[in-house]
>>> print(open('my_file-v5.txt').read())   # compact mmCIF, C-alpha atoms and all ligand atoms
# COMPACT_ATOMS: atom_id res chain seq x y z
CA MET M 8 0.00 0.00 0.00
CA ASP M 9 1.44 3.38 -1.04
CA LEU M 10 0.30 5.98 1.51
CA SER M 11 1.66 9.04 -0.30
CA TYR M 12 -0.38 11.33 -2.56
CA SER M 13 0.70 11.83 -6.16
CA LYS M 14 1.80 15.25 -7.43
CA GLN M 15 -1.51 15.60 -9.30
CA ASP M 16 -3.51 14.71 -6.16
CA LYS M 17 -1.64 17.34 -4.15
CA ALA M 18 -2.28 19.98 -6.83
CA PHE M 19 -5.98 19.03 -6.96
CA ARG M 20 -6.25 19.24 -3.15
CA LYS M 21 -4.71 22.72 -3.23
CA GLN M 22 -7.25 23.84 -5.82
CA VAL M 23 -10.20 22.36 -3.85
CA ARG M 24 -8.98 23.90 -0.58
CA ALA M 25 -8.70 27.36 -2.19
CA TRP M 26 -12.23 27.03 -3.59
CA MET M 27 -13.64 25.96 -0.20
CA LYS M 28 -11.93 28.90 1.49
CA LYS M 29 -13.71 31.29 -0.84
CA ASN M 30 -17.07 29.58 -1.16
CA VAL M 31 -18.08 27.69 2.00
CA PRO M 32 -21.07 29.68 3.34
CA LYS M 33 -20.58 31.41 6.67
CA LYS M 34 -22.64 30.02 9.60
CA ASP M 35 -25.94 31.88 9.79
CA LYS M 36 -27.07 31.72 13.43
CA SER M 37 -30.57 32.96 12.55
CA LEU M 38 -31.12 29.75 10.54
CA SER M 39 -30.27 27.39 13.40
CA THR M 40 -33.48 28.26 15.24
CA LEU M 41 -35.66 27.46 12.21
CA ALA M 42 -37.47 24.12 11.73
CA PRO M 43 -35.67 21.61 9.47
CA ASP M 44 -38.37 22.09 6.80
CA ASP M 45 -38.36 25.92 6.88
CA PRO M 46 -38.15 27.06 3.21
CA ARG M 47 -35.32 29.56 3.99
CA ARG M 48 -33.19 26.78 5.46
CA ILE M 49 -33.98 24.40 2.58
CA GLU M 50 -33.26 27.00 -0.10
CA ARG M 51 -29.88 27.88 1.40
CA ALA M 52 -28.93 24.20 1.64
CA LYS M 53 -30.01 23.59 -1.97
CA ALA M 54 -28.03 26.62 -3.18
CA TRP M 55 -24.90 25.21 -1.51
CA GLN M 56 -25.28 21.83 -3.22
CA ARG M 57 -25.96 23.56 -6.58
CA SER M 58 -22.81 25.59 -6.20
CA LEU M 59 -20.75 22.47 -5.41
CA HIS M 60 -22.28 20.64 -8.36
CA ARG M 61 -21.55 23.52 -10.77
CA THR M 62 -17.91 23.34 -9.69
CA GLY M 63 -17.87 19.59 -10.34
CA TYR M 64 -17.48 18.58 -6.70
CA VAL M 65 -20.62 16.43 -6.32
CA ALA M 66 -20.58 12.71 -7.24
CA ARG M 67 -17.70 13.17 -9.69
CA GLY M 68 -17.78 9.50 -10.63
CA TRP M 69 -21.33 9.53 -12.07
CA PRO M 70 -21.52 9.30 -15.87
CA LYS M 71 -21.70 12.57 -17.81
CA GLU M 72 -25.00 11.66 -19.47
CA TYR M 73 -26.72 11.83 -16.05
CA GLY M 74 -25.09 15.12 -15.03
CA GLY M 75 -21.91 13.77 -13.38
CA GLN M 76 -18.28 14.36 -14.30
CA GLY M 77 -17.56 10.83 -15.54
CA ASP M 78 -14.34 11.02 -13.52
CA SER M 79 -13.23 7.52 -12.61
CA ASP M 80 -10.40 8.82 -10.38
CA VAL M 81 -11.65 7.80 -6.91
CA MET M 82 -8.90 9.83 -5.23
CA ARG M 83 -10.35 13.09 -6.50
CA GLN M 84 -13.80 12.52 -4.98
CA THR M 85 -12.10 11.34 -1.78
CA ILE M 86 -10.08 14.56 -1.66
CA VAL M 87 -13.21 16.68 -2.21
CA ASN M 88 -15.03 14.80 0.58
CA GLU M 89 -12.10 15.29 2.95
CA GLU M 90 -11.78 18.99 2.16
CA LEU M 91 -15.51 19.54 2.69
CA ILE M 92 -15.17 18.20 6.22
CA LEU M 93 -11.91 20.06 6.94
CA ALA M 94 -13.53 23.31 5.75
CA ARG M 95 -16.47 22.65 8.13
CA ALA M 96 -18.78 22.96 5.15
CA PRO M 97 -22.51 22.34 5.67
CA GLY M 98 -23.69 18.78 4.94
CA LEU M 99 -25.45 18.15 1.64
CA ILE M 100 -29.24 18.31 1.80
CA GLY M 101 -29.43 15.79 -1.04
CA ALA M 102 -27.21 13.24 0.75
CA SER M 103 -29.79 10.40 0.67
CA GLY M 104 -30.17 10.77 -3.08
CA LEU M 105 -26.44 11.11 -3.66
CA THR M 106 -25.19 8.32 -1.46
CA MET M 107 -28.07 5.83 -1.45
CA LEU M 108 -30.60 6.21 -4.27
CA GLY M 109 -28.13 7.35 -6.97
CA PRO M 110 -25.65 4.45 -6.65
CA THR M 111 -28.62 2.04 -6.40
CA LEU M 112 -30.19 3.34 -9.64
CA LEU M 113 -26.81 3.23 -11.39
CA GLN M 114 -26.61 -0.43 -10.36
CA CYS M 115 -30.24 -1.60 -10.70
CA GLY M 116 -32.32 1.15 -12.43
CA THR M 117 -33.61 1.26 -16.01
CA GLU M 118 -32.10 3.69 -18.51
CA GLN M 119 -35.26 5.80 -18.30
CA GLN M 120 -35.08 5.92 -14.48
CA LYS M 121 -31.43 6.99 -14.55
CA GLN M 122 -32.15 9.79 -17.02
CA ARG M 123 -35.23 10.97 -15.15
CA TYR M 124 -33.95 10.96 -11.56
CA LEU M 125 -30.15 11.25 -11.42
CA PRO M 126 -29.65 14.82 -12.75
CA THR M 127 -32.02 16.35 -10.18
CA VAL M 128 -30.38 14.35 -7.35
CA LEU M 129 -27.08 16.06 -8.21
CA THR M 130 -28.53 19.57 -8.26
CA ALA M 131 -30.76 19.01 -5.17
CA GLU M 132 -33.78 20.05 -7.22
CA GLU M 133 -35.43 16.90 -5.86
CA ILE M 134 -34.73 15.66 -2.35
CA TRP M 135 -35.14 11.97 -1.46
CA CYS M 136 -35.94 10.11 1.73
CA GLN M 137 -35.61 6.43 2.62
CA GLY M 138 -38.82 4.53 3.41
CA TYR M 139 -37.59 1.25 4.89
CA SER M 140 -38.36 1.04 8.63
CA GLU M 141 -41.86 0.42 9.97
CA PRO M 142 -43.28 0.00 13.45
CA GLY M 143 -42.14 -3.55 14.31
CA SER M 144 -39.81 -3.83 11.28
CA GLY M 145 -36.44 -2.21 11.91
CA SER M 146 -33.67 -4.73 12.49
CA ASP M 147 -35.93 -7.39 11.02
CA LEU M 148 -36.57 -5.22 7.97
CA ALA M 149 -37.75 -8.10 5.77
CA SER M 150 -40.85 -8.46 7.98
CA LEU M 151 -42.18 -5.11 6.65
CA ARG M 152 -45.93 -4.98 6.04
CA THR M 153 -46.67 -1.87 3.95
CA ARG M 154 -48.75 -3.44 1.21
CA ALA M 155 -48.59 -2.60 -2.50
CA GLU M 156 -51.16 -4.23 -4.72
CA LEU M 157 -50.55 -4.17 -8.45
CA VAL M 158 -53.80 -3.16 -10.18
CA GLY M 159 -53.36 -2.64 -13.91
CA ASP M 160 -50.40 -0.32 -14.39
CA GLU M 161 -50.44 1.03 -10.84
CA PHE M 162 -49.47 -0.03 -7.35
CA ILE M 163 -51.99 0.87 -4.65
CA ILE M 164 -50.09 1.36 -1.41
CA ASN M 165 -51.39 1.16 2.17
CA GLY M 166 -49.39 1.09 5.39
CA GLN M 167 -46.92 3.07 7.50
CA LYS M 168 -43.22 3.92 7.62
CA VAL M 169 -41.40 5.36 10.63
CA TRP M 170 -38.11 7.13 11.43
CA THR M 171 -38.06 8.48 7.88
CA SER M 172 -35.33 11.13 7.98
CA GLY M 173 -36.16 14.34 6.12
CA ALA M 174 -39.57 13.12 4.85
CA GLN M 175 -41.16 16.44 5.81
CA PHE M 176 -39.19 18.28 3.11
CA SER M 177 -38.53 15.47 0.62
CA ASP M 178 -39.95 15.39 -2.89
CA TRP M 179 -39.52 11.64 -3.36
CA MET M 180 -39.14 8.46 -1.34
CA PHE M 181 -37.36 5.21 -2.28
CA CYS M 182 -39.54 2.72 -0.51
CA LEU M 183 -39.82 -0.98 0.29
CA VAL M 184 -43.31 -2.46 -0.01
CA ARG M 185 -44.77 -5.95 0.22
CA THR M 186 -46.09 -7.01 -3.16
CA ASP M 187 -46.50 -10.74 -2.46
CA PRO M 188 -47.79 -11.46 1.05
CA ASP M 189 -47.78 -15.24 0.45
CA ALA M 190 -44.10 -15.56 -0.53
CA PRO M 191 -41.30 -16.13 2.06
CA LYS M 192 -40.62 -12.73 3.63
CA HIS M 193 -37.45 -11.81 1.68
CA ARG M 194 -39.04 -12.72 -1.66
CA GLY M 195 -42.31 -10.77 -1.61
CA ILE M 196 -40.79 -7.27 -1.37
CA SER M 197 -40.50 -4.65 -4.13
CA TYR M 198 -38.54 -1.36 -4.34
CA VAL M 199 -40.62 1.58 -5.59
CA LEU M 200 -40.10 5.31 -6.07
CA ILE M 201 -42.93 7.41 -4.62
CA ASP M 202 -43.68 11.05 -5.36
CA MET M 203 -44.33 12.57 -1.91
CA LYS M 204 -47.02 14.86 -3.34
CA THR M 205 -49.22 11.89 -4.30
CA PRO M 206 -52.68 12.08 -2.65
CA GLY M 207 -53.04 9.76 0.37
CA ILE M 208 -49.61 10.46 1.96
CA THR M 209 -49.48 12.03 5.43
CA VAL M 210 -46.16 13.00 7.06
CA ARG M 211 -45.95 13.54 10.84
CA PRO M 212 -42.60 14.82 12.24
CA LEU M 213 -41.12 13.17 15.38
CA VAL M 214 -38.95 15.13 17.80
CA GLN M 215 -35.63 13.52 18.81
CA MET M 216 -33.77 14.01 22.08
CA THR M 217 -31.60 16.65 20.38
CA GLY M 218 -34.77 18.77 20.16
CA ASP M 219 -34.82 18.64 16.33
CA ALA M 220 -37.57 16.93 14.36
CA GLY M 221 -35.17 15.09 12.05
CA PHE M 222 -37.38 12.14 11.26
CA ASN M 223 -41.04 11.32 10.68
CA GLU M 224 -43.91 8.89 10.54
CA VAL M 225 -45.29 8.51 7.00
CA PHE M 226 -48.77 7.08 6.39
CA PHE M 227 -50.05 5.71 3.05
CA GLU M 228 -53.76 5.46 2.29
CA ASP M 229 -54.60 4.13 -1.19
CA VAL M 230 -51.54 5.85 -2.66
CA ARG M 231 -51.34 5.23 -6.42
CA VAL M 232 -47.85 4.77 -7.88
CA PRO M 233 -47.15 3.99 -11.57
CA ARG M 234 -45.66 0.56 -12.24
CA ASP M 235 -42.80 2.32 -14.10
CA ASN M 236 -41.56 3.47 -10.67
CA LEU M 237 -40.54 -0.09 -9.78
CA VAL M 238 -36.75 -0.50 -9.49
CA GLY M 239 -35.48 -4.00 -10.29
CA ASP M 240 -37.91 -6.87 -10.77
CA LEU M 241 -41.28 -7.28 -9.08
CA HIS M 242 -40.90 -9.10 -5.69
CA GLN M 243 -37.07 -8.81 -5.97
CA GLY M 244 -36.76 -5.58 -3.96
CA TRP M 245 -34.71 -7.20 -1.20
CA MET M 246 -31.73 -7.43 -3.53
CA VAL M 247 -32.12 -3.76 -4.54
CA ALA M 248 -32.57 -2.74 -0.87
CA ASN M 249 -29.30 -4.38 0.04
CA ALA M 250 -27.48 -2.43 -2.67
CA THR M 251 -28.76 0.76 -0.98
CA LEU M 252 -27.86 -0.44 2.52
CA PHE M 253 -24.28 -1.12 1.45
CA HIS M 254 -23.89 2.50 0.28
CA GLU M 255 -25.62 3.86 3.41
CA ARG M 256 -23.31 1.97 5.77
CA ASN M 257 -20.27 3.21 3.92
CA MET M 258 -21.50 6.80 4.22
CA LEU M 259 -22.22 6.59 7.96
CA GLY M 260 -18.63 5.82 8.94
CA SER M 261 -16.49 8.70 7.61
CA THR M 262 -12.88 8.61 8.82
CA THR M 263 -12.17 12.28 8.12
CA ARG M 264 -15.07 13.34 10.31
CA THR M 265 -13.86 11.09 13.12
CA GLN M 266 -10.31 12.42 12.80
CA MET M 267 -11.61 15.97 12.97
CA MET M 268 -13.67 15.20 16.09
CA MET M 269 -10.58 13.66 17.69
CA HIS M 270 -8.57 16.76 16.79
CA ASN M 271 -11.22 18.95 18.46
CA LEU M 272 -11.25 16.69 21.52
CA LEU M 273 -7.48 17.08 21.93
CA ARG M 274 -7.87 20.85 21.62
CA LEU M 275 -10.54 20.77 24.34
CA ALA M 276 -8.36 18.59 26.61
CA ARG M 277 -5.45 21.00 26.26
CA SER M 278 -7.49 24.17 26.80
CA HIS M 279 -10.04 23.15 29.45
CA ARG M 280 -8.73 23.14 33.02
CA ARG M 281 -9.77 20.50 35.55
CA TYR M 282 -8.65 20.74 39.16
CA GLY M 283 -6.24 23.60 38.36
CA LYS M 284 -4.47 22.13 35.32
CA PRO M 285 -5.26 21.33 31.67
CA ALA M 286 -7.40 18.17 31.42
CA ALA M 287 -4.79 16.66 29.07
CA GLU M 288 -2.36 16.51 32.03
CA ASP M 289 -4.70 14.37 34.13
CA PRO M 290 -3.33 10.78 33.87
CA VAL M 291 -6.80 9.20 33.71
CA ILE M 292 -7.89 11.51 30.89
CA ARG M 293 -4.55 10.99 29.08
CA GLN M 294 -5.06 7.24 29.20
CA LYS M 295 -8.54 7.58 27.69
CA LEU M 296 -7.31 10.00 25.01
CA ALA M 297 -4.53 7.56 24.04
CA GLU M 298 -7.02 4.72 23.77
CA LEU M 299 -9.32 6.76 21.51
CA LEU M 300 -6.39 7.95 19.38
CA GLY M 301 -5.38 4.32 18.83
CA ARG M 302 -8.90 3.48 17.65
CA VAL M 303 -9.00 6.52 15.33
CA GLU M 304 -5.67 5.49 13.77
CA ALA M 305 -6.89 1.90 13.29
CA MET M 306 -10.02 3.21 11.57
CA LYS M 307 -7.94 5.47 9.34
CA TYR M 308 -5.78 2.56 8.10
CA HIS M 309 -8.82 0.34 7.67
CA SER M 310 -10.35 3.04 5.42
CA LEU M 311 -7.12 3.39 3.44
CA ARG M 312 -7.18 -0.35 2.82
CA GLN M 313 -10.75 0.00 1.55
CA LEU M 314 -9.79 2.92 -0.65
CA THR M 315 -7.03 0.75 -2.14
CA ASP M 316 -9.64 -1.94 -2.85
CA VAL M 317 -11.89 0.57 -4.64
CA ILE M 318 -8.98 1.99 -6.68
CA LYS M 319 -8.04 -1.56 -7.70
CA GLY M 320 -11.64 -2.34 -8.68
CA ARG M 321 -12.26 -4.75 -5.78
CA ARG M 322 -15.51 -4.56 -3.79
CA ALA M 323 -15.08 -3.46 -0.19
CA GLY M 324 -17.70 -6.02 0.94
CA LEU M 325 -18.03 -6.33 4.69
CA GLY M 326 -15.38 -3.62 5.16
CA ALA M 327 -18.13 -1.02 4.78
CA MET M 328 -19.99 -2.57 7.71
CA VAL M 329 -16.86 -2.41 9.83
CA ASN M 330 -16.64 1.31 8.93
CA LYS M 331 -20.21 1.91 10.06
CA LEU M 332 -19.84 -0.13 13.25
CA VAL M 333 -16.48 1.31 14.30
CA GLY M 334 -17.00 4.86 13.02
CA THR M 335 -20.37 5.56 14.63
CA GLU M 336 -19.38 4.06 18.01
CA LEU M 337 -16.07 5.91 17.98
CA ASN M 338 -17.75 9.27 17.27
CA HIS M 339 -20.07 8.73 20.21
CA ASP M 340 -17.21 7.71 22.53
CA ILE M 341 -15.24 10.83 21.53
CA CYS M 342 -18.22 13.01 22.52
CA ALA M 343 -18.61 11.08 25.79
CA LEU M 344 -14.99 11.83 26.75
CA ALA M 345 -15.51 15.51 25.85
CA LEU M 346 -18.40 15.63 28.34
CA GLU M 347 -16.24 13.93 30.98
CA ILE M 348 -13.50 16.50 30.41
CA MET M 349 -15.99 19.36 30.77
CA ASN M 350 -17.07 17.89 34.06
CA SER M 351 -19.62 20.20 35.73
CA TYR M 352 -20.02 22.23 32.50
CA ALA M 353 -21.32 19.16 30.65
CA PRO M 354 -25.04 19.58 31.51
CA LEU M 355 -25.12 23.10 30.00
CA LYS M 356 -27.09 23.45 26.77
CA ARG M 357 -26.40 25.36 23.58
CA GLY M 358 -26.94 29.06 24.23
CA ALA M 359 -26.44 28.83 28.03
CA ASP M 360 -24.03 31.16 29.85
CA ARG M 361 -20.53 29.61 30.13
CA VAL M 362 -21.40 26.69 27.85
CA ILE M 363 -18.22 25.31 26.21
CA ASP M 364 -17.90 25.20 22.38
CA ASN M 365 -21.50 26.45 22.15
CA GLY M 366 -22.88 23.10 23.30
CA VAL M 367 -21.73 21.23 20.21
CA TRP M 368 -20.42 18.27 22.25
CA GLN M 369 -23.70 17.84 24.10
CA TYR M 370 -25.63 17.98 20.81
CA GLU M 371 -23.26 15.58 19.05
CA PHE M 372 -23.35 13.16 22.00
CA MET M 373 -27.09 12.76 21.42
CA PHE M 374 -26.96 12.92 17.63
CA THR M 375 -24.18 10.32 17.27
CA LEU M 376 -26.15 7.89 19.42
CA GLY M 377 -28.84 7.96 16.71
CA LEU M 378 -26.28 7.06 14.04
CA ILE M 379 -25.28 3.92 15.98
CA ILE M 380 -28.92 2.82 15.53
CA GLY M 381 -29.78 4.24 12.05
CA GLY M 382 -28.79 2.17 9.01
CA GLY M 383 -28.80 -0.98 11.17
CA THR M 384 -27.80 -1.10 14.84
CA SER M 385 -24.33 -2.12 16.05
CA GLN M 386 -25.71 -5.47 17.24
CA ILE M 387 -27.05 -6.20 13.76
CA GLN M 388 -23.74 -5.15 12.13
CA LYS M 389 -21.91 -7.50 14.51
CA ASN M 390 -24.30 -10.37 13.66
CA ILE M 391 -23.71 -9.90 9.93
CA ILE M 392 -19.93 -9.47 10.21
CA SER M 393 -19.62 -12.56 12.40
CA GLU M 394 -21.91 -14.72 10.24
CA ARG M 395 -20.88 -13.64 6.74
CA GLY M 396 -17.34 -12.45 7.42
CA LEU M 397 -16.10 -14.83 10.09
CA GLY M 398 -18.31 -17.79 9.15
CA MET M 399 -19.78 -18.11 12.64
CA PRO M 400 -23.08 -20.02 13.05
CA LYS M 401 -26.38 -18.11 12.90
CA SER M 402 -28.15 -17.59 16.23
CA GLY M 403 -31.46 -19.42 16.63
C1 LIG S 501 -31.18 8.92 13.54
C2 LIG S 501 -31.93 7.85 12.83
C3 LIG S 501 -32.31 8.03 11.51
C4 LIG S 501 -33.03 7.05 10.84
N1 LIG S 501 -33.42 7.28 9.55
C5 LIG S 501 -34.14 6.34 8.90
C6 LIG S 501 -34.62 6.59 7.56
O1 LIG S 501 -34.38 7.65 6.99
N2 LIG S 501 -35.34 5.64 6.97
C7 LIG S 501 -35.62 4.44 7.55
O2 LIG S 501 -36.26 3.60 6.93
N3 LIG S 501 -35.23 4.18 8.84
C8 LIG S 501 -34.49 5.11 9.50
N4 LIG S 501 -34.08 4.88 10.80
C9 LIG S 501 -34.52 3.64 11.46
C10 LIG S 501 -33.41 2.63 11.70
O3 LIG S 501 -33.03 2.00 10.50
C11 LIG S 501 -33.92 1.63 12.75
O4 LIG S 501 -34.11 2.36 13.94
C12 LIG S 501 -32.95 0.50 12.99
O5 LIG S 501 -32.87 -0.35 11.88
C13 LIG S 501 -33.35 -0.33 14.24
O6 LIG S 501 -34.68 -0.73 14.15
P1 LIG S 501 -35.70 -0.47 15.37
O7 LIG S 501 -35.59 0.96 15.76
O8 LIG S 501 -37.02 -0.99 14.96
O9 LIG S 501 -35.12 -1.32 16.58
P2 LIG S 501 -35.34 -2.87 16.85
O10 LIG S 501 -35.12 -3.64 15.59
O11 LIG S 501 -36.64 -3.05 17.55
O12 LIG S 501 -34.15 -3.20 17.84
C14 LIG S 501 -34.21 -2.94 19.25
C15 LIG S 501 -32.93 -3.44 19.89
O13 LIG S 501 -32.83 -4.87 19.73
C16 LIG S 501 -31.60 -5.21 19.11
N5 LIG S 501 -31.81 -6.34 18.19
C17 LIG S 501 -32.85 -6.52 17.33
N6 LIG S 501 -32.68 -7.67 16.65
C18 LIG S 501 -31.52 -8.23 17.06
C19 LIG S 501 -30.80 -9.42 16.72
N7 LIG S 501 -31.25 -10.27 15.79
N8 LIG S 501 -29.61 -9.67 17.35
C20 LIG S 501 -29.13 -8.81 18.29
N9 LIG S 501 -29.78 -7.66 18.68
C21 LIG S 501 -30.95 -7.38 18.07
C22 LIG S 501 -31.19 -3.98 18.31
O14 LIG S 501 -29.79 -3.93 18.09
C23 LIG S 501 -31.66 -2.86 19.25
O15 LIG S 501 -30.70 -2.64 20.25
C24 LIG S 501 -33.37 5.84 11.50
C25 LIG S 501 -33.01 5.67 12.83
C26 LIG S 501 -32.30 6.65 13.49
C27 LIG S 501 -31.94 6.43 14.93
>>> encode(input="my_file-v5.txt", output="structure tokens")
Amino acid sequence: MDLSYSKQDKAFRKQVRAWMKKNVPKKDKSLSTLAPDDPRRIERAKAWQRSLHRTGYVARGWPKEYGGQGDSDVMRQTIVNEELILARAPGLIGASGLTMLGPTLLQCGTEQQKQRYLPTVLTAEEIWCQGYSEPGSGSDLASLRTRAELVGDEFIINGQKVWTSGAQFSDWMFCLVRTDPDAPKHRGISYVLIDMKTPGITVRPLVQMTGDAGFNEVFFEDVRVPRDNLVGDLHQGWMVANATLFHERNMLGSTTRTQMMMHNLLRLARSHRRYGKPAAEDPVIRQKLAELLGRVEAMKYHSLRQLTDVIKGRRAGLGAMVNKLVGTELNHDICALALEIMNSYAPLKRGADRVIDNGVWQYEFMFTLGLIIGGGTSQIQKNIISERGLGMPKSG
């Protein structure tokens, strides 16, 4: 494995960094008090993604005919992703479309579907949400019950989804529905694309412990969806769903973000004083910092190995699950140590007098807990890694 960057990569990074310096939008505090679906917030987020796309920094690898750059150099997209995080740029509002639906359509969609949906995913003109989980069907996703009956050229959909992130401002949903209730559970599922403006859809936001309403309940009552919106074959949606899950799990464990959190934790430990000296000088805290640093380094090298696989055209396979498992737990543990370092300042909330780092650690502590659960919980990742990766027997 060659860990050095080529001359061209270094020059590209320099160019991206200069662009970010000039173009990353400044934090607008007035927006942070608005609801996630407030049009002003949405428009600003869409404008940011448009600007990145115009510059060629969004999904560079997608083919040109669907609005991408057709750039097969994986290093370049990796560099852009790293620089976005280092520049503390806002996240992309179209992330679900970019990282889950798009790669799935490229793999399993028809030519017509690719032409219709991919260009607007890139520009954030259409925002997508993921309709998988249901009450009673989360870890055991294949037990989902939302029913889609094929009548003529339309599906008629009835049922309920839950924990649907961003549904309240999404234009479309990629959704799993049961099309054959008599088949074994993995075989009677189909993958359909649903226009969120279709009559019969009700979206009810749910408030998380962070105080934000990030996800929703979505109800379907006789919702009519054209048969053309089926991705893959009828009743074969489980295979398509797994293509999406692979991309989601890869996205949820970003090494650069974890490295940046670790960097900020070290800064906090050096600057915040506990019992009359910097926290970093406390032997117990030092021990915990060293342990976390070791885990961050291990994750970094694991990701580099995966990057090598991608560059060499090999599939990362279960490596992506290890990323999700390790990355999400590590982010949460980093926040937990930050709260321990802050000691009696830890219970203070964003906006309170004397709150440290404007309460970002408290917020992230709660938010990162959600990411350990979303996209498949750690226990489920461990089950799959042990069964499919290590060949251990299935539990009863
Ligand atoms: C922040 C966030 C965002 C989300 N966004 C979306 C979204 O956009 N779209 C969407 O469809 N879903 C979304 N989800 C839902 C998420 O996919 C589910 O919460 C997750 O799959 C777990 O399902 P569940 O909540 O039903 O928990 P359950 O499946 O009921 O699990 C409860 C507990 O039992 C454990 N458990 C269950 N089965 C096993 C087993 N076989 N072996 C060992 N332990 C087990 C689990 O690990 C967990 O600890 C989101 C969740 C979160 C937290």
>>> residues_near_ligand(input="my_file-v5.txt", ligand="ligand LIG 501 (chain S)", cutoff="8 Å", atoms="only C-alpha atoms and all ligand atoms", output="short mmCIF file (atom, residue, chain, number, x, y, z; two decimals) with C-alpha atoms, in the coordinates of the input")
data_model
loop_
_atom_site.label_atom_id
_atom_site.label_comp_id
_atom_site.auth_asym_id
_atom_site.auth_seq_id
_atom_site.Cartn_x
_atom_site.Cartn_y
_atom_site.Cartn_z
CA CYS M 136 -35.94 10.11 1.73
CA GLN M 137 -35.61 6.43 2.62
CA GLY M 138 -38.82 4.53 3.41
CA TYR M 139 -37.59 1.25 4.89
CA SER M 140 -38.36 1.04 8.63
CA GLU M 141 -41.86 0.42 9.97
CA PRO M 142 -43.28 0.00 13.45
CA GLY M 143 -42.14 -3.55 14.31
CA SER M 144 -39.81 -3.83 11.28
CA GLY M 145 -36.44 -2.21 11.91
CA SER M 146 -33.67 -4.73 12.49
CA ASP M 147 -35.93 -7.39 11.02
CA LEU M 148 -36.57 -5.22 7.97
CA LYS M 168 -43.22 3.92 7.62
CA VAL M 169 -41.40 5.36 10.63
CA TRP M 170 -38.11 7.13 11.43
CA THR M 171 -38.06 8.48 7.88
CA SER M 172 -35.33 11.13 7.98
CA GLY M 173 -36.16 14.34 6.12
CA ALA M 174 -39.57 13.12 4.85
CA GLY M 221 -35.17 15.09 12.05
CA PHE M 222 -37.38 12.14 11.26
CA PHE M 374 -26.96 12.92 17.63
CA LEU M 376 -26.15 7.89 19.42
CA GLY M 377 -28.84 7.96 16.71
CA LEU M 378 -26.28 7.06 14.04
CA ILE M 379 -25.28 3.92 15.98
CA ILE M 380 -28.92 2.82 15.53
CA GLY M 381 -29.78 4.24 12.05
CA GLY M 382 -28.79 2.17 9.01
CA GLY M 383 -28.80 -0.98 11.17
CA THR M 384 -27.80 -1.10 14.84
CA SER M 385 -24.33 -2.12 16.05
CA GLN M 386 -25.71 -5.47 17.24
CA ILE M 387 -27.05 -6.20 13.76
CA ASN M 390 -24.30 -10.37 13.66
CA SER M 402 -28.15 -17.59 16.23
#
>>> residues_around(input="my_file-v5.txt", residues="M:Gln76", least_positions_apart="6", cutoff="8 Å", atoms="all atoms listed in the file", output="PyMOL selection string")
chain M and resi 63+66-70
>>> write_last_selection(input="my_file-v5.txt", atoms="C-alpha atoms", output="mmCIF file, in the coordinates of the input")
data_model
loop_
_atom_site.group_PDB
_atom_site.id
_atom_site.type_symbol
_atom_site.label_atom_id
_atom_site.label_comp_id
_atom_site.auth_asym_id
_atom_site.auth_seq_id
_atom_site.Cartn_x
_atom_site.Cartn_y
_atom_site.Cartn_z
ATOM 1 C CA GLY M 63 -17.870 19.590 -10.340
ATOM 2 C CA ALA M 66 -20.580 12.710 -7.240
ATOM 3 C CA ARG M 67 -17.700 13.170 -9.690
ATOM 4 C CA GLY M 68 -17.780 9.500 -10.630
ATOM 5 C CA TRP M 69 -21.330 9.530 -12.070
ATOM 6 C CA PRO M 70 -21.520 9.300 -15.870
#
>>> closest_residue(input="my_file-v5.txt", among="M:Thr205, M:Thr130, M:Thr263, M:Gln369", to="M:Met180", atoms="all atoms listed in the file")
M:Thr205
>>> closest_residue(input="my_file-v5.txt", among="M:Tyr308, M:Phe226, M:Tyr124, M:Tyr282", to="M:Gln266", atoms="all atoms listed in the file")
M:Tyr308
>>> residues_around(input="my_file-v5.txt", residues="M:Val158", least_positions_apart="2", cutoff="12 Å", atoms="only C-alpha atoms", output="CSV table (one decimal) with C-alpha atoms, in the coordinates of the input")
chain,number,residue,atom,x,y,z
M,155,ALA,CA,-48.6,-2.6,-2.5
M,156,GLU,CA,-51.2,-4.2,-4.7
M,160,ASP,CA,-50.4,-0.3,-14.4
M,161,GLU,CA,-50.4,1.0,-10.8
M,162,PHE,CA,-49.5,0.0,-7.4
M,163,ILE,CA,-52.0,0.9,-4.6
M,164,ILE,CA,-50.1,1.4,-1.4
M,186,THR,CA,-46.1,-7.0,-3.2
M,229,ASP,CA,-54.6,4.1,-1.2
M,230,VAL,CA,-51.5,5.8,-2.7
M,231,ARG,CA,-51.3,5.2,-6.4
M,232,VAL,CA,-47.8,4.8,-7.9
M,233,PRO,CA,-47.2,4.0,-11.6
M,234,ARG,CA,-45.7,0.6,-12.2
>>> atom_distance(input="my_file-v5.txt", atom1="atom CA of M:Val31", atom2="atom CA of M:Ala96")
5.7 Å
>>> closest_residue(input="my_file-v5.txt", among="M:Leu113, M:Ile392, M:Met269, M:Ile196", to="M:Ala248", atoms="only C-alpha atoms")
M:Ile196
>>> residues_around(input="my_file-v5.txt", residues="M:Leu241", least_positions_apart="5", cutoff="10 Å", atoms="only C-alpha atoms", output="ChimeraX atom specification")
/M:157,186-187,194-199,234
>>> axis_aligned_box(input="my_file-v5.txt", around="stretch 103-117 of chain M", padding_each_side="5 Å", output="AutoDock Vina command-line options")
--center_x -29.4 --center_y 4.8 --center_z -7.7 --size_x 18.4 --size_y 22.7 --size_z 26.7
>>> closest_residue(input="my_file-v5.txt", among="M:Gly244, M:Gly326, M:Gly77, M:Gly334", to="M:Cys115", atoms="all atoms listed in the file")
M:Gly244
